[in-house]
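What follows is the content of input05.tsv, which has TSV, C-alpha atoms:
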chain	number	residue	atom	x	y	z
R	24	MET	CA	-75.58	36.33	-50.50
R	25	ASN	CA	-78.07	34.43	-48.37
R	26	ALA	CA	-79.71	32.97	-51.47
R	27	LEU	CA	-76.32	31.82	-52.78
R	28	LEU	CA	-75.45	30.19	-49.45
R	29	ALA	CA	-78.83	28.46	-49.44
R	30	ARG	CA	-78.08	26.96	-52.88
R	31	ILE	CA	-74.68	25.82	-51.65
R	32	ASP	CA	-76.21	24.19	-48.57
R	33	ALA	CA	-78.83	22.45	-50.74
R	34	ASN	CA	-76.09	21.10	-53.01
R	35	LYS	CA	-74.10	19.97	-49.98
R	36	ALA	CA	-77.13	18.02	-48.78
R	37	ALA	CA	-77.42	16.40	-52.22
R	38	ILE	CA	-73.73	15.44	-52.22
R	39	ASP	CA	-74.02	14.12	-48.67
R	40	GLN	CA	-76.52	11.55	-49.96
R	41	TYR	CA	-73.61	9.83	-51.71
R	42	ARG	CA	-71.50	9.71	-48.53
R	43	PRO	CA	-69.61	7.83	-47.37
R	44	MET	CA	-68.09	7.57	-50.82
R	45	GLU	CA	-66.53	4.23	-51.62
R	46	GLU	CA	-63.40	3.39	-53.57
R	47	PRO	CA	-62.41	3.88	-56.30
R	48	LEU	CA	-64.70	6.93	-56.53
R	49	LEU	CA	-63.18	8.72	-53.54
R	50	SER	CA	-59.62	8.33	-54.81
R	51	GLN	CA	-60.65	9.34	-58.32
R	52	LEU	CA	-62.25	12.58	-57.09
R	53	ARG	CA	-59.26	13.41	-54.91
R	54	ALA	CA	-56.84	12.78	-57.80
R	55	TYR	CA	-59.00	14.82	-60.18
R	56	TYR	CA	-58.90	17.89	-57.96
R	57	ARG	CA	-55.25	17.31	-57.07
R	58	VAL	CA	-54.44	18.14	-60.68
R	59	GLY	CA	-57.11	20.83	-61.06
R	60	LEU	CA	-56.30	22.77	-57.92
R	61	THR	CA	-52.54	22.49	-58.43
R	62	TRP	CA	-52.75	23.71	-62.00
R	63	SER	CA	-55.19	26.56	-61.36
R	64	SER	CA	-53.50	27.83	-58.21
R	65	ASN	CA	-50.08	27.92	-59.83
R	66	ALA	CA	-51.43	29.39	-63.08
R	67	LEU	CA	-52.92	32.26	-61.09
R	68	GLU	CA	-49.37	33.11	-60.01
R	69	GLY	CA	-47.86	32.90	-63.50
R	70	SER	CA	-46.90	29.25	-64.00
R	71	SER	CA	-46.55	28.33	-67.67
R	72	LEU	CA	-47.65	24.69	-67.24
R	73	THR	CA	-50.94	23.71	-68.85
R	74	GLU	CA	-53.44	21.53	-67.04
R	75	SER	CA	-52.43	18.58	-69.25
R	76	GLU	CA	-48.74	19.13	-68.51
R	77	THR	CA	-49.51	19.33	-64.81
R	78	LYS	CA	-51.45	16.06	-64.99
R	79	VAL	CA	-48.62	14.26	-66.81
R	80	LEU	CA	-46.07	15.56	-64.31
R	81	LEU	CA	-48.06	14.58	-61.21
R	82	GLU	CA	-49.35	11.24	-62.45
R	83	ASP	CA	-46.49	10.01	-64.66
R	84	GLY	CA	-43.50	12.05	-63.50
R	85	LEU	CA	-42.88	13.32	-67.04
R	86	THR	CA	-41.82	16.86	-67.93
R	87	VAL	CA	-42.07	18.89	-71.11
R	88	GLY	CA	-38.96	20.53	-72.51
R	89	GLY	CA	-38.66	24.29	-72.62
R	90	LYS	CA	-40.58	25.02	-69.42
R	91	PRO	CA	-38.92	26.69	-66.38
R	92	ILE	CA	-37.78	24.22	-63.74
R	93	ARG	CA	-39.44	26.39	-61.09
R	94	ASP	CA	-42.84	25.66	-62.63
R	95	TYR	CA	-42.24	21.93	-62.09
R	96	TYR	CA	-41.07	22.53	-58.52
R	97	GLU	CA	-44.20	24.55	-57.82
R	98	ALA	CA	-46.49	21.86	-59.25
R	99	THR	CA	-44.81	19.03	-57.34
R	100	GLY	CA	-44.68	21.00	-54.12
R	101	HIS	CA	-48.30	22.10	-54.37
R	102	ALA	CA	-49.44	18.53	-54.96
R	103	GLU	CA	-47.59	17.41	-51.83
R	104	ALA	CA	-49.19	20.22	-49.83
R	105	TYR	CA	-52.57	19.20	-51.28
R	106	ASP	CA	-52.02	15.64	-50.03
R	107	ALA	CA	-51.06	16.97	-46.59
R	108	MET	CA	-54.27	19.02	-46.53
R	109	PHE	CA	-56.25	15.79	-46.26
R	110	THR	CA	-54.13	14.42	-43.42
R	111	LEU	CA	-54.82	17.65	-41.51
R	112	LEU	CA	-58.56	16.92	-41.61
R	113	GLU	CA	-58.22	14.34	-38.84
R	114	GLY	CA	-60.11	15.42	-35.78
R	115	ARG	CA	-61.92	18.17	-37.74
R	116	ARG	CA	-60.06	20.85	-35.77
R	117	THR	CA	-59.26	24.29	-37.08
R	118	PRO	CA	-55.79	24.65	-38.66
R	119	THR	CA	-52.93	25.51	-36.32
R	120	GLU	CA	-49.88	27.68	-36.88
R	121	GLY	CA	-47.88	24.48	-37.33
R	122	ASP	CA	-50.29	23.30	-40.05
R	123	ILE	CA	-49.79	26.55	-41.95
R	124	LEU	CA	-46.01	26.30	-41.72
R	125	LEU	CA	-46.19	22.69	-42.92
R	126	LEU	CA	-48.23	23.60	-46.01
R	127	HIS	CA	-45.74	26.30	-46.96
R	128	ARG	CA	-42.74	24.08	-46.30
R	129	LEU	CA	-44.08	21.32	-48.54
R	130	PHE	CA	-44.95	23.76	-51.31
R	131	TYR	CA	-41.75	25.83	-51.18
R	132	SER	CA	-38.94	23.46	-50.14
R	133	ARG	CA	-37.77	22.70	-53.68
R	134	ILE	CA	-37.76	26.39	-54.59
R	135	ASP	CA	-35.92	27.77	-51.56
R	136	GLU	CA	-35.35	25.34	-48.72
R	137	ALA	CA	-33.98	28.05	-46.43
R	138	GLN	CA	-37.23	30.05	-46.68
R	139	ALA	CA	-39.64	27.12	-46.72
R	140	GLY	CA	-41.91	27.12	-43.69
R	141	LYS	CA	-40.24	30.28	-42.34
R	142	TYR	CA	-41.78	33.70	-41.85
R	143	ARG	CA	-40.35	36.48	-43.97
R	144	SER	CA	-37.62	38.69	-42.54
R	145	GLN	CA	-38.05	41.56	-44.97
R	146	ARG	CA	-40.76	43.92	-46.13
R	147	VAL	CA	-42.81	42.92	-49.14
R	148	PHE	CA	-44.95	44.89	-51.56
R	149	ILE	CA	-47.83	43.44	-53.54
R	150	THR	CA	-47.86	44.47	-57.18
R	151	GLY	CA	-51.04	46.31	-58.10
R	152	SER	CA	-52.17	46.75	-54.50
R	153	ALA	CA	-52.47	50.03	-52.64
R	154	HIS	CA	-52.00	48.20	-49.35
R	155	THR	CA	-48.71	47.12	-47.79
R	156	PRO	CA	-48.52	43.98	-45.60
R	157	PRO	CA	-47.32	44.41	-42.01
R	158	PRO	CA	-43.59	44.75	-41.35
R	159	PRO	CA	-41.71	41.49	-40.71
R	160	ALA	CA	-41.37	42.22	-37.00
R	161	ASN	CA	-45.17	42.06	-36.68
R	162	VAL	CA	-45.63	38.80	-38.60
R	163	PRO	CA	-44.92	36.27	-35.79
R	164	GLY	CA	-47.38	37.95	-33.46
R	165	GLU	CA	-50.08	38.18	-36.13
R	166	MET	CA	-49.57	34.55	-37.10
R	167	GLU	CA	-49.80	33.49	-33.48
R	168	ALA	CA	-53.13	35.32	-33.17
R	169	PHE	CA	-54.47	34.11	-36.53
R	170	PRO	CA	-55.22	30.48	-35.47
R	171	LEU	CA	-56.85	31.78	-32.29
R	172	TRP	CA	-59.17	33.92	-34.40
R	173	MET	CA	-59.98	30.87	-36.55
R	174	ARG	CA	-60.79	28.79	-33.50
R	175	TYR	CA	-63.22	31.37	-32.14
R	176	GLU	CA	-64.89	32.25	-35.43
R	177	ALA	CA	-65.13	28.81	-37.07
R	178	ASP	CA	-68.53	28.04	-35.58
R	179	ALA	CA	-69.83	31.61	-35.61
R	180	LEU	CA	-69.81	32.09	-39.39
R	181	HIS	CA	-71.24	30.09	-42.25
R	182	PRO	CA	-68.42	27.72	-43.31
R	183	VAL	CA	-68.12	29.27	-46.78
R	184	VAL	CA	-67.99	32.79	-45.34
R	185	PHE	CA	-65.46	31.62	-42.75
R	186	ALA	CA	-63.25	30.07	-45.45
R	187	ALA	CA	-63.28	33.31	-47.46
R	188	GLN	CA	-62.38	35.25	-44.32
R	189	VAL	CA	-59.49	32.89	-43.62
R	190	HIS	CA	-58.16	33.44	-47.14
R	191	LYS	CA	-58.51	37.22	-46.90
R	192	ARG	CA	-56.95	37.61	-43.46
R	193	PHE	CA	-54.03	35.32	-44.29
R	194	VAL	CA	-53.19	37.15	-47.51
R	195	PHE	CA	-53.35	40.49	-45.74
R	196	ILE	CA	-50.73	39.27	-43.23
R	197	HIS	CA	-48.62	37.90	-46.12
R	198	PRO	CA	-46.35	35.98	-43.74
R	199	PHE	CA	-44.02	34.35	-46.27
R	200	ILE	CA	-41.55	35.78	-48.75
R	201	ASP	CA	-43.41	33.96	-51.55
R	202	GLY	CA	-46.20	31.43	-51.97
R	203	ASN	CA	-48.77	33.28	-49.86
R	204	GLY	CA	-51.54	32.98	-52.45
R	205	ARG	CA	-51.01	29.24	-52.86
R	206	VAL	CA	-51.04	28.66	-49.11
R	207	ALA	CA	-54.08	30.93	-48.68
R	208	ARG	CA	-56.07	28.86	-51.17
R	209	LEU	CA	-54.95	25.58	-49.58
R	210	LEU	CA	-55.87	26.90	-46.15
R	211	MET	CA	-59.24	28.11	-47.39
R	212	ASN	CA	-59.95	24.72	-48.91
R	213	LEU	CA	-58.81	22.92	-45.77
R	214	CYS	CA	-61.45	24.90	-43.86
R	215	LEU	CA	-64.11	24.06	-46.46
R	216	LEU	CA	-63.31	20.34	-46.38
R	217	ARG	CA	-63.26	20.37	-42.58
R	218	ALA	CA	-66.86	21.61	-42.62
R	219	GLY	CA	-67.94	19.01	-45.19
R	220	TYR	CA	-68.03	21.36	-48.18
R	221	THR	CA	-66.31	21.05	-51.55
R	222	LEU	CA	-63.22	22.87	-52.76
R	223	ALA	CA	-63.22	26.41	-54.09
R	224	ILE	CA	-61.14	26.49	-57.27
R	225	VAL	CA	-60.33	29.83	-58.90
R	226	PRO	CA	-59.81	29.31	-62.66
R	227	PRO	CA	-57.04	31.46	-64.19
R	228	ILE	CA	-59.57	33.07	-66.54
R	229	LEU	CA	-61.11	34.76	-63.48
R	230	ARG	CA	-57.78	36.04	-62.17
R	231	GLY	CA	-58.72	39.68	-62.76
R	232	GLU	CA	-61.98	39.45	-60.81
R	233	TYR	CA	-60.26	37.47	-58.07
R	234	ILE	CA	-57.53	40.07	-57.57
R	235	GLN	CA	-59.96	42.97	-57.85
R	236	THR	CA	-62.40	41.65	-55.24
R	237	LEU	CA	-59.52	40.72	-52.91
R	238	GLU	CA	-58.17	44.26	-53.18
R	239	GLN	CA	-61.65	45.65	-52.48
R	240	ALA	CA	-61.84	43.44	-49.40
R	241	HIS	CA	-59.51	45.82	-47.56
R	242	ALA	CA	-62.54	48.11	-47.29
R	243	ASP	CA	-65.50	45.78	-47.91
R	244	ASP	CA	-65.18	42.02	-48.34
R	245	ALA	CA	-68.73	41.35	-49.56
R	246	ALA	CA	-67.71	40.97	-53.22
R	247	PHE	CA	-64.78	38.71	-52.38
R	248	THR	CA	-66.93	36.50	-50.15
R	249	HIS	CA	-69.52	36.25	-52.92
R	250	PHE	CA	-66.78	35.38	-55.43
R	251	ILE	CA	-65.47	32.53	-53.26
R	252	ALA	CA	-69.01	31.25	-52.65
R	253	GLU	CA	-69.56	31.11	-56.42
R	254	ARG	CA	-66.40	29.04	-56.78
R	255	VAL	CA	-67.69	26.56	-54.19
R	256	LEU	CA	-71.01	26.36	-56.03
R	257	GLU	CA	-69.31	25.60	-59.34
R	258	THR	CA	-67.29	22.77	-57.80
R	259	GLN	CA	-70.46	21.36	-56.27
R	260	LYS	CA	-72.15	21.37	-59.68
R	261	ASP	CA	-69.12	19.62	-61.14
R	262	ILE	CA	-69.16	16.91	-58.46
R	263	LEU	CA	-72.92	16.37	-58.71
R	264	ARG	CA	-72.60	15.90	-62.48
R	265	MET	CA	-69.93	13.25	-61.92
R	266	LEU	CA	-71.88	11.51	-59.14
R	267	LYS	CA	-75.12	11.43	-61.10
R	268	GLY	CA	-73.31	10.34	-64.24

Structure encoded using structure tokens:
Amino acid sequence: MNALLARIDANKAAIDQYRPMEEPLLSQLRAYYRVGLTWSSNALEGSSLTESETKVLLEDGLTVGGKPIRDYYEATGHAEAYDAMFTLLEGRRTPTEGDILLLHRLFYSRIDEAQAGKYRSQRVFITGSAHTPPPPANVPGEMEAFPLWMRYEADALHPVVFAAQVHKRFVFIHPFIDGNGRVARLLMNLCLLRAGYTLAIVPPILRGEYIQTLEQAHADDAAFTHFIAERVLETQKDILRMLKG
């Protein structure tokens, strides 16, 4: 793991040589990953939209017939939450409970406005997992403590390790009735960007490994942390190719 983190830090230093990035490059990169992260994160949860269909929807407002309306709501909502992620970078502070509620509200408001940005009031069970999230009565307390943990641990862990921990801990709380995976990945990426690192994008083709290592993380999170670090590394390679090109 240390060798992988060293490669990531070396790539970060190489990318930093191009900072501050000027327009239109900065906007182009942000728009590129707006589509990529929205498509991949929703596809992991079963969305039928292709990456091309997601791009046309977000950039041109056009839909394709025969696709569930929920898939379009999820794509539009995720893109709005992605945009908000960048506004939350101001001040470089760790995310607050209010930030988390905002990300969920933006993502989920078109799907179920009554549940958007609200903690769940019923028990949930995760398909394929042997572990059950805490009962709803425990969620507010755990979500109040969660940002405090982030504040104390943000500078104690390597930023990539910290981001993976944020993702894991949030998913284990599972505070919302739906959309927890999407918010977890946005929150993880918010933490990465805050520390000056690139996004971690989980391609749908790796869904099985992603779910497996996350399930293993209940006992040992080494494999999950390594998986997330690899995703950061791949995004760095992608960005360096574009910058050098």

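For the pair CA of Pro118 (chain R) and CA of His190 (chain R), the separation is 12.4 Å.
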
Ala240 (chain R) surroundings by only C-alpha atoms, 12 Å radius, close-in-sequence under 4 positions cut, as a list in words: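 Here the qualifying residues turn out to be Ser152, Ala153, His154, Ala187, Gln188, His190, Lys191, Arg192, Val194, Phe195, Tyr233, Ile234, Gln235, Thr236, Asp244, Ala245, Ala246, Phe247, Thr248, His249 and Phe250 of chain R.
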
For a cut-off of 12 Å around (-51.7, 36.0, -34.9), file coordinates, pick out all residues using only C-alpha atoms and list them as a short mmCIF file (atom, residue, chain, number, x, y, z; two decimals) with C-alpha atoms, keeping the file's coordinate frame.
data_model
loop_
_atom_site.label_atom_id
_atom_site.label_comp_id
_atom_site.auth_asym_id
_atom_site.auth_seq_id
_atom_site.Cartn_x
_atom_site.Cartn_y
_atom_site.Cartn_z
CA THR R 119 -52.93 25.51 -36.32
CA GLU R 120 -49.88 27.68 -36.88
CA ILE R 123 -49.79 26.55 -41.95
CA PRO R 157 -47.32 44.41 -42.01
CA ASN R 161 -45.17 42.06 -36.68
CA VAL R 162 -45.63 38.80 -38.60
CA PRO R 163 -44.92 36.27 -35.79
CA GLY R 164 -47.38 37.95 -33.46
CA GLU R 165 -50.08 38.18 -36.13
CA MET R 166 -49.57 34.55 -37.10
CA GLU R 167 -49.80 33.49 -33.48
CA ALA R 168 -53.13 35.32 -33.17
CA PHE R 169 -54.47 34.11 -36.53
CA PRO R 170 -55.22 30.48 -35.47
CA LEU R 171 -56.85 31.78 -32.29
CA TRP R 172 -59.17 33.92 -34.40
CA MET R 173 -59.98 30.87 -36.55
CA ARG R 174 -60.79 28.79 -33.50
CA ARG R 192 -56.95 37.61 -43.46
CA PHE R 193 -54.03 35.32 -44.29
CA PHE R 195 -53.35 40.49 -45.74
CA ILE R 196 -50.73 39.27 -43.23
CA HIS R 197 -48.62 37.90 -46.12
CA PRO R 198 -46.35 35.98 -43.74
#

Selection: 10 Å around Glu68 (chain R), all atoms listed in the file, excl. self and same-chain fewer than 5 positions, as number ranges by chain: R: 63, 202, 204-205, 227, 230

Generate a file of the selected residues that holds C-alpha atoms, formatted as a PDB file, in the coordinates of the input.
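As written to disk, out.pdb reads:
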ATOM      1  CA  SER R  63     -55.190  26.560 -61.360  1.00  0.00           C
ATOM      2  CA  GLY R 202     -46.200  31.430 -51.970  1.00  0.00           C
ATOM      3  CA  GLY R 204     -51.540  32.980 -52.450  1.00  0.00           C
ATOM      4  CA  ARG R 205     -51.010  29.240 -52.860  1.00  0.00           C
ATOM      5  CA  PRO R 227     -57.040  31.460 -64.190  1.00  0.00           C
ATOM      6  CA  ARG R 230     -57.780  36.040 -62.170  1.00  0.00           C
TER       7      ARG R 230
END

Counting only C-alpha atoms, the option among R:Leu126, R:Leu72, R:Ala242, R:Ala66 closest to Phe109 (chain R):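 Closest residue, counting only C-alpha atoms: R:Leu126.
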
Pick from R:Asn65, R:Thr86, R:Ser71, R:Thr77 nearest to Val206 (chain R), counting only C-alpha atoms: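 Checking each of R:Asn65, R:Thr86, R:Ser71, R:Thr77 against Val206 (chain R), counting only C-alpha atoms, the winner is R:Asn65.
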
Starting from the sparse input, extend region 176-201 of chain R to N, CA and C atoms and give the output as a PDB file, keeping the file's coordinate frame.
ATOM      1  N   GLU R 176     -63.919  31.861 -34.412  1.00  0.00           N
ATOM      2  CA  GLU R 176     -64.890  32.250 -35.430  1.00  0.00           C
ATOM      3  C   GLU R 176     -65.411  31.086 -36.267  1.00  0.00           C
ATOM      4  N   ALA R 177     -64.777  29.931 -36.194  1.00  0.00           N
ATOM      5  CA  ALA R 177     -65.130  28.810 -37.070  1.00  0.00           C
ATOM      6  C   ALA R 177     -66.605  28.427 -36.963  1.00  0.00           C
ATOM      7  N   ASP R 178     -67.143  28.452 -35.771  1.00  0.00           N
ATOM      8  CA  ASP R 178     -68.530  28.040 -35.580  1.00  0.00           C
ATOM      9  C   ASP R 178     -69.499  29.212 -35.568  1.00  0.00           C
ATOM     10  N   ALA R 179     -68.970  30.420 -35.664  1.00  0.00           N
ATOM     11  CA  ALA R 179     -69.830  31.610 -35.610  1.00  0.00           C
ATOM     12  C   ALA R 179     -70.274  32.061 -36.997  1.00  0.00           C
ATOM     13  N   LEU R 180     -69.518  31.677 -38.021  1.00  0.00           N
ATOM     14  CA  LEU R 180     -69.810  32.090 -39.390  1.00  0.00           C
ATOM     15  C   LEU R 180     -70.228  30.898 -40.229  1.00  0.00           C
ATOM     16  N   HIS R 181     -70.967  31.155 -41.288  1.00  0.00           N
ATOM     17  CA  HIS R 181     -71.240  30.090 -42.250  1.00  0.00           C
ATOM     18  C   HIS R 181     -69.900  29.575 -42.769  1.00  0.00           C
ATOM     19  N   PRO R 182     -69.731  28.258 -42.922  1.00  0.00           N
ATOM     20  CA  PRO R 182     -68.420  27.720 -43.310  1.00  0.00           C
ATOM     21  C   PRO R 182     -67.817  28.330 -44.568  1.00  0.00           C
ATOM     22  N   VAL R 183     -68.643  28.669 -45.556  1.00  0.00           N
ATOM     23  CA  VAL R 183     -68.120  29.270 -46.780  1.00  0.00           C
ATOM     24  C   VAL R 183     -67.643  30.701 -46.507  1.00  0.00           C
ATOM     25  N   VAL R 184     -68.399  31.438 -45.721  1.00  0.00           N
ATOM     26  CA  VAL R 184     -67.990  32.790 -45.340  1.00  0.00           C
ATOM     27  C   VAL R 184     -66.721  32.735 -44.506  1.00  0.00           C
ATOM     28  N   PHE R 185     -66.658  31.789 -43.591  1.00  0.00           N
ATOM     29  CA  PHE R 185     -65.460  31.620 -42.750  1.00  0.00           C
ATOM     30  C   PHE R 185     -64.237  31.324 -43.612  1.00  0.00           C
ATOM     31  N   ALA R 186     -64.372  30.424 -44.586  1.00  0.00           N
ATOM     32  CA  ALA R 186     -63.250  30.070 -45.450  1.00  0.00           C
ATOM     33  C   ALA R 186     -62.748  31.274 -46.233  1.00  0.00           C
ATOM     34  N   ALA R 187     -63.668  32.091 -46.734  1.00  0.00           N
ATOM     35  CA  ALA R 187     -63.280  33.310 -47.460  1.00  0.00           C
ATOM     36  C   ALA R 187     -62.567  34.277 -46.532  1.00  0.00           C
ATOM     37  N   GLN R 188     -63.025  34.387 -45.299  1.00  0.00           N
ATOM     38  CA  GLN R 188     -62.380  35.250 -44.320  1.00  0.00           C
ATOM     39  C   GLN R 188     -60.970  34.768 -43.999  1.00  0.00           C
ATOM     40  N   VAL R 189     -60.808  33.467 -43.880  1.00  0.00           N
ATOM     41  CA  VAL R 189     -59.490  32.890 -43.620  1.00  0.00           C
ATOM     42  C   VAL R 189     -58.529  33.262 -44.752  1.00  0.00           C
ATOM     43  N   HIS R 190     -58.978  33.092 -45.976  1.00  0.00           N
ATOM     44  CA  HIS R 190     -58.160  33.440 -47.140  1.00  0.00           C
ATOM     45  C   HIS R 190     -57.767  34.907 -47.082  1.00  0.00           C
ATOM     46  N   LYS R 191     -58.752  35.776 -46.906  1.00  0.00           N
ATOM     47  CA  LYS R 191     -58.510  37.220 -46.900  1.00  0.00           C
ATOM     48  C   LYS R 191     -57.525  37.621 -45.814  1.00  0.00           C
ATOM     49  N   ARG R 192     -57.775  37.197 -44.597  1.00  0.00           N
ATOM     50  CA  ARG R 192     -56.950  37.610 -43.460  1.00  0.00           C
ATOM     51  C   ARG R 192     -55.515  37.097 -43.610  1.00  0.00           C
ATOM     52  N   PHE R 193     -55.376  35.867 -44.117  1.00  0.00           N
ATOM     53  CA  PHE R 193     -54.030  35.320 -44.290  1.00  0.00           C
ATOM     54  C   PHE R 193     -53.245  36.111 -45.326  1.00  0.00           C
ATOM     55  N   VAL R 194     -53.868  36.406 -46.455  1.00  0.00           N
ATOM     56  CA  VAL R 194     -53.190  37.150 -47.510  1.00  0.00           C
ATOM     57  C   VAL R 194     -52.811  38.553 -47.040  1.00  0.00           C
ATOM     58  N   PHE R 195     -53.656  39.153 -46.228  1.00  0.00           N
ATOM     59  CA  PHE R 195     -53.350  40.490 -45.740  1.00  0.00           C
ATOM     60  C   PHE R 195     -52.135  40.488 -44.800  1.00  0.00           C
ATOM     61  N   ILE R 196     -51.943  39.395 -44.062  1.00  0.00           N
ATOM     62  CA  ILE R 196     -50.730  39.270 -43.230  1.00  0.00           C
ATOM     63  C   ILE R 196     -49.515  39.029 -44.118  1.00  0.00           C
ATOM     64  N   HIS R 197     -49.702  38.192 -45.168  1.00  0.00           N
ATOM     65  CA  HIS R 197     -48.620  37.900 -46.120  1.00  0.00           C
ATOM     66  C   HIS R 197     -47.355  37.438 -45.389  1.00  0.00           C
ATOM     67  N   PRO R 198     -47.440  36.337 -44.648  1.00  0.00           N
ATOM     68  CA  PRO R 198     -46.350  35.980 -43.740  1.00  0.00           C
ATOM     69  C   PRO R 198     -45.080  35.447 -44.395  1.00  0.00           C
ATOM     70  N   PHE R 199     -45.173  34.982 -45.637  1.00  0.00           N
ATOM     71  CA  PHE R 199     -44.020  34.350 -46.270  1.00  0.00           C
ATOM     72  C   PHE R 199     -43.446  35.234 -47.373  1.00  0.00           C
ATOM     73  N   ILE R 200     -42.202  35.001 -47.711  1.00  0.00           N
ATOM     74  CA  ILE R 200     -41.550  35.780 -48.750  1.00  0.00           C
ATOM     75  C   ILE R 200     -42.187  35.522 -50.112  1.00  0.00           C
ATOM     76  N   ASP R 201     -42.751  34.335 -50.294  1.00  0.00           N
ATOM     77  CA  ASP R 201     -43.410  33.960 -51.550  1.00  0.00           C
ATOM     78  C   ASP R 201     -44.338  32.789 -51.256  1.00  0.00           C
TER      79      ASP R 201
END
